[in-house]
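Asker: Structure file input37.txt (compact mmCIF, C-alpha atoms) is given on the next line.
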# COMPACT_ATOMS: atom_id res chain seq x y z
CA MET A 1 45.46 -1.75 -29.31
CA LYS A 2 46.76 -2.69 -25.86
CA LYS A 3 46.70 0.98 -24.88
CA ILE A 4 43.08 1.33 -25.96
CA VAL A 5 42.09 -1.74 -23.93
CA ALA A 6 44.05 -0.41 -20.92
CA ALA A 7 42.39 3.01 -21.28
CA LEU A 8 38.95 1.41 -21.49
CA ALA A 9 39.69 -0.72 -18.44
CA MET A 10 40.84 2.39 -16.57
CA MET A 11 37.62 4.19 -17.53
CA VAL A 12 35.57 1.31 -16.17
CA VAL A 13 37.53 1.33 -12.91
CA VAL A 14 37.27 5.12 -12.51
CA ASN A 15 33.58 5.06 -13.38
CA GLY A 16 33.06 2.26 -10.87
CA ALA A 17 34.82 4.21 -8.15
CA PHE A 18 32.75 7.35 -8.71
CA GLY A 19 29.58 5.35 -9.17
CA GLN A 20 30.01 3.85 -5.70
CA ASP A 21 27.07 4.63 -3.47
CA ALA A 22 27.74 6.47 -0.22
CA ILE A 23 27.29 3.46 2.00
CA SER A 24 29.88 1.50 -0.01
CA LYS A 25 32.56 3.67 1.56
CA PHE A 26 31.31 2.59 4.97
CA PHE A 27 31.10 -1.02 3.88
CA SER A 28 34.64 -1.01 2.54
CA LYS A 29 35.92 0.66 5.69
CA TYR A 30 34.11 -1.57 8.17
CA GLN A 31 33.41 -4.78 6.24
CA ASN A 32 35.95 -6.77 8.23
CA ASP A 33 34.96 -5.24 11.54
CA GLU A 34 32.94 -7.96 13.27
CA THR A 35 31.32 -5.47 15.64
CA PHE A 36 29.22 -4.21 12.72
CA SER A 37 26.13 -5.95 11.41
CA GLN A 38 25.55 -5.79 7.68
CA VAL A 39 22.58 -6.56 5.49
CA THR A 40 22.65 -6.52 1.70
CA VAL A 41 19.51 -7.14 -0.33
CA SER A 42 19.88 -7.65 -4.08
CA SER A 43 17.67 -6.47 -6.94
CA LYS A 44 16.56 -10.08 -7.38
CA MET A 45 14.76 -9.90 -4.04
CA PHE A 46 12.83 -6.79 -5.06
CA GLY A 47 12.17 -8.36 -8.46
CA LEU A 48 10.20 -11.11 -6.71
CA PHE A 49 7.48 -8.54 -6.03
CA THR A 50 6.92 -7.90 -9.74
CA ASN A 51 4.35 -10.61 -10.33
CA MET A 52 2.79 -10.71 -6.90
CA GLU A 53 -0.95 -10.47 -6.67
CA ALA A 54 -2.23 -7.45 -4.75
CA GLU A 55 -5.48 -7.39 -2.81
CA THR A 56 -6.11 -3.65 -3.21
CA PRO A 57 -5.06 -0.98 -5.75
CA GLU A 58 -2.99 0.63 -2.96
CA ASP A 59 -1.13 -2.64 -2.39
CA LYS A 60 -0.54 -2.88 -6.12
CA GLU A 61 1.06 0.58 -6.11
CA VAL A 62 3.35 -0.43 -3.24
CA LEU A 63 4.32 -3.70 -4.91
CA ASP A 64 5.08 -1.84 -8.14
CA ALA A 65 7.21 0.63 -6.22
CA ILE A 66 9.10 -2.18 -4.43
CA SER A 67 9.75 -4.00 -7.69
CA LYS A 68 11.54 -0.91 -9.03
CA LEU A 69 14.09 -0.96 -6.21
CA LYS A 70 17.54 -2.23 -7.05
CA GLY A 71 19.09 -2.83 -3.68
CA LEU A 72 19.27 -2.21 0.02
CA ARG A 73 22.32 -2.03 2.23
CA ILE A 74 22.38 -1.61 5.96
CA LEU A 75 25.34 -1.18 8.23
CA LYS A 76 24.67 -1.15 11.95
CA LYS A 77 26.59 -1.06 15.17
CA ASP A 78 25.29 -1.36 18.70
CA ASP A 79 27.94 0.30 20.75
CA PRO A 80 27.25 3.12 23.18
CA ARG A 81 30.91 4.13 23.23
CA ASN A 82 31.28 5.46 19.73
CA ALA A 83 27.83 5.56 18.13
CA ARG A 84 27.84 9.35 18.17
CA ASN A 85 31.30 9.50 16.62
CA LEU A 86 30.23 7.14 13.85
CA TYR A 87 27.20 9.35 13.19
CA LYS A 88 29.50 12.34 12.77
CA GLU A 89 31.93 10.34 10.65
CA ALA A 90 29.11 9.31 8.32
CA PHE A 91 28.64 12.90 7.20
CA THR A 92 32.32 13.24 6.40
CA LEU A 93 32.23 10.14 4.19
CA VAL A 94 28.98 10.96 2.39
CA PRO A 95 29.52 13.29 -0.59
CA MET A 96 26.91 15.76 0.65
CA LYS A 97 26.93 17.74 -2.62
CA GLU A 98 25.31 14.76 -4.32
CA TYR A 99 22.50 14.52 -1.79
CA GLU A 100 19.60 16.66 -0.73
CA GLU A 101 18.25 16.53 2.79
CA LEU A 102 14.76 15.11 2.78
CA MET A 103 14.00 15.10 6.47
CA SER A 104 15.67 15.34 9.80
CA VAL A 105 14.23 13.74 12.94
CA ARG A 106 15.21 14.09 16.56
CA ASP A 107 13.51 11.32 18.54
CA LYS A 108 14.50 11.32 22.23
CA ASP A 109 18.25 10.76 22.08
CA ARG A 110 18.20 9.58 18.48
CA ASP A 111 19.09 11.68 15.45
CA ILE A 112 17.97 10.53 12.05
CA LYS A 113 18.70 12.20 8.73
CA PHE A 114 17.12 11.19 5.46
CA LEU A 115 19.01 12.20 2.35
CA ILE A 116 18.06 11.64 -1.27
CA LYS A 117 19.96 11.56 -4.51
CA GLU A 118 18.20 12.58 -7.70
CA ASN A 119 18.98 11.54 -11.24
CA GLY A 120 16.97 13.01 -14.10
CA GLY A 121 14.14 14.10 -11.85
CA LYS A 122 13.87 10.66 -10.27
CA ILE A 123 15.06 9.67 -6.83
CA SER A 124 17.79 7.09 -7.26
CA GLU A 125 18.90 6.67 -3.65
CA LEU A 126 17.49 7.18 -0.19
CA LEU A 127 20.06 7.37 2.54
CA MET A 128 19.16 7.16 6.20
CA ILE A 129 21.79 7.92 8.81
CA MET A 130 20.83 7.24 12.40
CA GLY A 131 22.84 7.84 15.52
CA SER A 132 22.03 7.74 19.19
CA THR A 133 23.87 7.17 22.43
CA GLU A 134 23.47 3.41 21.90
CA GLU A 135 23.47 2.64 18.22
CA PHE A 136 24.49 3.74 14.80
CA MET A 137 22.96 2.77 11.49
CA VAL A 138 23.37 3.69 7.85
CA LEU A 139 20.80 2.51 5.34
CA SER A 140 20.98 2.96 1.61
CA LEU A 141 18.01 2.10 -0.57
CA PHE A 142 18.63 2.48 -4.27
CA GLY A 143 16.81 2.04 -7.56
CA GLU A 144 13.84 4.00 -8.80
CA ILE A 145 12.29 5.37 -5.62
CA ASP A 146 8.72 6.63 -5.56
CA LEU A 147 8.61 9.21 -2.80
CA LYS A 148 4.82 8.93 -2.49
CA GLN A 149 5.13 5.23 -1.69
CA ILE A 150 8.18 5.42 0.48
CA SER A 151 6.50 5.35 3.87
CA ARG A 152 4.41 2.34 2.78
CA ILE A 153 7.54 0.62 1.48
CA GLY A 154 9.10 1.33 4.86
CA LYS A 155 6.18 -0.39 6.57
CA LYS A 156 6.37 -3.40 4.26
CA MET A 157 10.07 -3.82 4.88
CA ASP A 158 9.68 -3.08 8.56
CA VAL A 159 13.06 -1.38 8.72
CA LYS A 160 13.72 0.47 11.94
CA GLY A 161 13.76 4.23 11.39
CA LEU A 162 11.83 4.25 8.15
CA GLU A 163 8.56 4.66 10.08
CA HIS A 164 9.50 8.33 10.44
CA LEU A 165 8.85 8.75 6.73
CA ASP A 166 5.18 8.49 7.64
CA LYS A 167 5.44 12.05 8.93
CA MET A 168 6.61 13.24 5.54
CA ASP A 169 3.73 11.43 3.83
CA LYS A 170 1.20 13.14 6.07
CA LYS A 171 2.76 16.55 5.40
CA ASN A 172 2.43 16.07 1.62
CA MET B 1 1.68 -57.71 0.57
CA LYS B 2 3.37 -55.78 3.36
CA THR B 3 6.73 -56.17 1.65
CA VAL B 4 5.32 -54.89 -1.64
CA CYS B 5 3.72 -51.86 0.06
CA THR B 6 6.88 -51.07 2.01
CA GLY B 7 8.92 -51.40 -1.17
CA VAL B 8 6.62 -49.05 -3.08
CA ILE B 9 6.63 -46.48 -0.26
CA ILE B 10 10.43 -46.59 0.07
CA SER B 11 10.84 -46.27 -3.71
CA LEU B 12 8.45 -43.32 -3.77
CA LEU B 13 10.25 -41.61 -0.90
CA LEU B 14 13.64 -42.14 -2.51
CA THR B 15 12.40 -40.85 -5.85
CA THR B 16 10.78 -37.80 -4.24
CA SER B 17 13.86 -36.94 -2.22
CA GLY B 18 16.02 -37.39 -5.32
CA TYR B 19 13.92 -34.93 -7.28
CA SER B 20 13.64 -32.52 -4.40
CA GLN B 21 17.30 -31.60 -4.22
CA SER B 22 19.19 -29.33 -6.57
CA ASP B 23 22.37 -30.36 -8.38
CA SER B 24 24.27 -27.98 -6.10
CA PHE B 25 22.99 -29.66 -2.94
CA ILE B 26 23.59 -33.13 -4.36
CA ALA B 27 27.14 -32.11 -5.33
CA LEU B 28 27.75 -30.95 -1.76
CA LYS B 29 26.30 -34.14 -0.29
CA GLU B 30 28.29 -36.39 -2.61
CA LYS B 31 31.51 -34.52 -1.96
CA PHE B 32 31.21 -34.88 1.81
CA ALA B 33 29.32 -38.18 1.91
CA TYR B 34 32.07 -40.10 3.68
CA HIS B 35 33.30 -37.40 5.99
CA PRO B 36 32.63 -38.47 9.61
CA ASP B 37 31.70 -35.03 10.97
CA VAL B 38 29.25 -34.10 8.25
CA TYR B 39 25.56 -34.34 9.11
CA SER B 40 22.72 -34.18 6.64
CA PHE B 41 19.04 -34.89 6.51
CA SER B 42 16.10 -34.25 4.27
CA THR B 43 12.48 -34.14 5.31
CA SER B 44 9.05 -33.11 4.22
CA ALA B 45 8.25 -29.59 5.43
CA PHE B 46 4.97 -30.82 6.93
CA LEU B 47 6.48 -31.34 10.38
CA GLY B 48 8.11 -27.90 10.51
CA SER B 49 5.03 -26.04 9.32
CA THR B 50 2.81 -27.97 11.75
CA LEU B 51 5.10 -27.00 14.62
CA LEU B 52 4.97 -23.35 13.54
CA LYS B 53 1.17 -23.50 13.49
CA LEU B 54 1.04 -25.14 16.90
CA ALA B 55 3.45 -22.55 18.28
CA GLY B 56 1.09 -19.79 17.15
CA GLU B 57 3.60 -18.41 14.63
CA HIS B 58 0.81 -17.71 12.17
CA GLU B 59 2.62 -15.07 10.12
CA CYS B 60 5.60 -17.37 9.73
CA TYR B 61 3.34 -20.36 9.03
CA ASP B 62 1.41 -18.48 6.31
CA ALA B 63 4.64 -17.39 4.66
CA VAL B 64 6.27 -20.82 4.54
CA LYS B 65 3.25 -23.12 4.31
CA SER B 66 3.98 -23.75 0.63
CA ILE B 67 7.42 -25.18 1.39
CA LYS B 68 7.41 -28.84 0.45
CA ARG B 69 10.79 -30.12 1.42
CA ILE B 70 13.76 -29.17 3.56
CA SER B 71 17.28 -30.56 3.18
CA VAL B 72 20.09 -29.67 5.54
CA ILE B 73 23.79 -30.41 5.52
CA ALA B 74 26.27 -29.23 8.16
CA ILE B 75 29.92 -29.33 7.19
CA PRO B 76 32.88 -28.45 9.42
CA ARG B 77 35.16 -25.90 7.79
CA ASP B 78 38.09 -28.34 8.12
CA ALA B 79 36.30 -30.79 5.84
CA PHE B 80 36.54 -28.35 2.93
CA GLY B 81 40.32 -28.44 3.27
CA HIS B 82 40.39 -32.24 3.50
CA GLU B 83 38.33 -32.57 0.35
CA ASP B 84 40.42 -29.90 -1.38
CA VAL B 85 37.38 -27.77 -2.19
CA SER B 86 36.34 -24.29 -1.13
CA LEU B 87 33.13 -22.51 -0.26
CA SER B 88 33.73 -19.97 -3.01
CA GLY B 89 34.01 -22.91 -5.43
CA PHE B 90 30.64 -24.18 -4.21
CA LYS B 91 29.14 -20.73 -4.75
CA LYS B 92 30.32 -20.91 -8.36
CA VAL B 93 28.59 -24.30 -8.68
CA MET B 94 25.41 -22.70 -7.32
CA SER B 95 25.69 -19.87 -9.79
CA LYS B 96 25.99 -22.37 -12.68
CA ASP B 97 22.97 -24.15 -11.19
CA SER B 98 21.01 -20.88 -11.69
CA PHE B 99 20.86 -19.84 -8.02
CA GLN B 100 20.82 -16.07 -7.59
CA GLU B 101 21.67 -14.20 -4.43
CA LEU B 102 18.71 -12.57 -2.71
CA ALA B 103 20.28 -11.19 0.42
CA ARG B 104 23.26 -11.44 2.72
CA MET B 105 23.53 -10.74 6.43
CA LYS B 106 26.70 -10.49 8.44
CA ASP B 107 26.61 -10.43 12.20
CA ASN B 108 29.39 -11.14 14.72
CA GLY B 109 31.46 -12.68 11.95
CA ASP B 110 28.70 -15.11 10.94
CA VAL B 111 27.40 -14.78 7.41
CA ILE B 112 23.96 -15.87 6.24
CA THR B 113 23.22 -15.76 2.52
CA PHE B 114 19.87 -16.41 0.86
CA TYR B 115 19.74 -17.68 -2.71
CA ILE B 116 16.83 -18.45 -4.99
CA ARG B 117 16.25 -20.44 -8.15
CA SER B 118 12.84 -19.22 -9.14
CA THR B 119 10.29 -20.72 -11.48
CA GLU B 120 7.02 -19.31 -12.79
CA SER B 121 5.08 -22.14 -11.16
CA LYS B 122 6.12 -21.02 -7.65
CA ASN B 123 8.04 -24.26 -7.27
CA ASN B 124 11.18 -22.41 -6.28
CA ARG B 125 14.35 -23.60 -4.66
CA TYR B 126 15.88 -21.59 -1.86
CA MET B 127 19.36 -22.15 -0.54
CA ILE B 128 20.45 -20.66 2.75
CA LEU B 129 24.16 -20.77 3.52
CA VAL B 130 25.12 -20.18 7.13
CA GLU B 131 28.83 -19.65 7.62
CA ASP B 132 30.37 -19.37 11.06
CA SER B 133 33.94 -19.81 12.21
CA ASP B 134 33.60 -23.61 12.59
CA ASN B 135 30.91 -24.81 10.23
CA VAL B 136 29.07 -24.20 7.01
CA VAL B 137 25.42 -25.18 6.98
CA ALA B 138 23.49 -25.39 3.72
CA ILE B 139 19.70 -25.48 3.93
CA GLU B 140 17.71 -26.10 0.80
CA LEU B 141 13.98 -25.44 0.71
CA THR B 142 11.70 -26.44 -2.12
CA GLY B 143 8.40 -24.67 -2.68
CA TYR B 144 7.39 -21.07 -2.22
CA ILE B 145 8.07 -18.42 0.43
CA ASP B 146 6.20 -15.12 0.47
CA PRO B 147 8.78 -12.50 -0.67
CA GLU B 148 7.36 -10.00 1.82
CA PHE B 149 8.26 -12.39 4.64
CA LEU B 150 11.75 -12.88 3.21
CA LEU B 151 12.30 -9.13 3.04
CA LYS B 152 11.11 -8.71 6.61
CA CYS B 153 13.51 -11.45 7.73
CA GLU B 154 16.43 -9.43 6.39
CA SER B 155 15.37 -6.16 7.98
CA ASP B 156 14.46 -7.87 11.27
CA SER B 157 18.05 -9.00 11.59
CA THR B 158 19.04 -5.37 12.19
CA LYS B 159 16.59 -5.12 15.07
CA GLU B 160 17.43 -8.24 17.02
CA LYS B 161 19.91 -6.56 19.30
CA SER B 162 17.92 -3.38 19.85
Could I get this file's structure written as structure tokens?

Answerer:
Amino acid sequence: MKKIVAALAMMVVVNGAFGQDAISKFFSKYQNDETFSQVTVSSKMFGLFTNMEAETPEDKEVLDAISKLKGLRILKKDDPRNARNLYKEAFTLVPMKEYEELMSVRDKDRDIKFLIKENGGKISELLMIMGSTEEFMVLSLFGEIDLKQISRIGKKMDVKGLEHLDKMDKKN
Amino acid sequence: MKTVCTGVIISLLLTTSGYSQSDSFIALKEKFAYHPDVYSFSTSAFLGSTLLKLAGEHECYDAVKSIKRISVIAIPRDAFGHEDVSLSGFKKVMSKDSFQELARMKDNGDVITFYIRSTESKNNRYMILVEDSDNVVAIELTGYIDPEFLLKCESDSTKEKS
């Protein structure tokens, strides 16, 4: 019986380790580094949008899309010395096989890559990796992500970098 | 007559402030009530929202205008040791008191965590815990804050330095 319990516990641990989102590896590596800023938003926050009243049908679509999100994590560092190195490091820590490149932006000295992870035909994670000569940022948005609403969600959340998703919306 | 009126007003104020704080906040206040370096106050949110309006912070004012009461307690980290309690213990108390974490921000070693105890009637309770190397500040708000504003607050924190 003990062995079964131990095996089950091991399965949970292993599953947990593989189920870790890409940014978690960054968080675990740099969580005690005070030069990094971190933001974590829980599913409860997005759940608050479920019963909100919308003024227009478009707003309603955005609110519905936000309420399906499960979390947001941001890791940021303002440091001209190694921002570029961190950008490169990000791609070594992200299991690229699991992600598909959605869009790549070069804006002045800033490189931004948007990656998505799909599960059963639905986008389950949007990863944004941004690096410039002055700053580095990794953003992971997870849950059920509606690609059609993503630029509007970006505007609602007012997260730096997500405004570039507008370009993708206009292309579609 | 004056005495009666004053008495009624004081009783009303005391009753209102009693109802306007969560068990978690009361527990914190009672635990540190006699500690000399602990500061706390509770006030109607009218003053704060009026100041926001006067300052032209209309977006902020619109988002927090339904806040009814604000309670604040600032506790030096040392006091936790003296009272033989811990912040993680207090977070467990909050969890039992039905507070759920909304968001957490960490910057320069300081940690700010937002919690909510929501109700259907929009008479929510929000707890903001600000932890720095010297102090822990707990801010409890009663009322309703526009979630869109809350979400923007979190994302804005990543822009402050840029």

Asker: Which residues of chain A are close to chain B, meaning at most 6 Å apart when you count only C-alpha atoms, and how do they look as a ChimeraX atom specification?

Answerer: /A:34,37-42,44-45,157,159

Asker: Provide the atom CA of Lys91 of chain B to atom CA of Phe32 of chain B distance in Å, to one decimal place.

Answerer: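 Atom CA of Lys91 of chain B sits 15.7 Å away from atom CA of Phe32 of chain B.
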
Asker: If we count only C-alpha atoms, what is near Ala74 of chain B at a cut-off of 6 Å, once residues fewer than 5 positions away on the same chain are taken out, given as a list in words?

Answerer: Val38, Tyr39, Val136 and Val137 of chain B

Asker: Mind giving me the straight-line distance from atom CA of Lys77 of chain A to atom CA of Val138 of chain A in Å, one decimal?

Answerer: 9.3 Å

Asker: Taking all atoms listed in the file into account, name the residue in A:Ser24, A:Glu135, A:Met52, A:Ile112 that is nearest to Asn82 of chain A.

Answerer: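 Closest to Asn82 of chain A, using all atoms listed in the file: A:Glu135.
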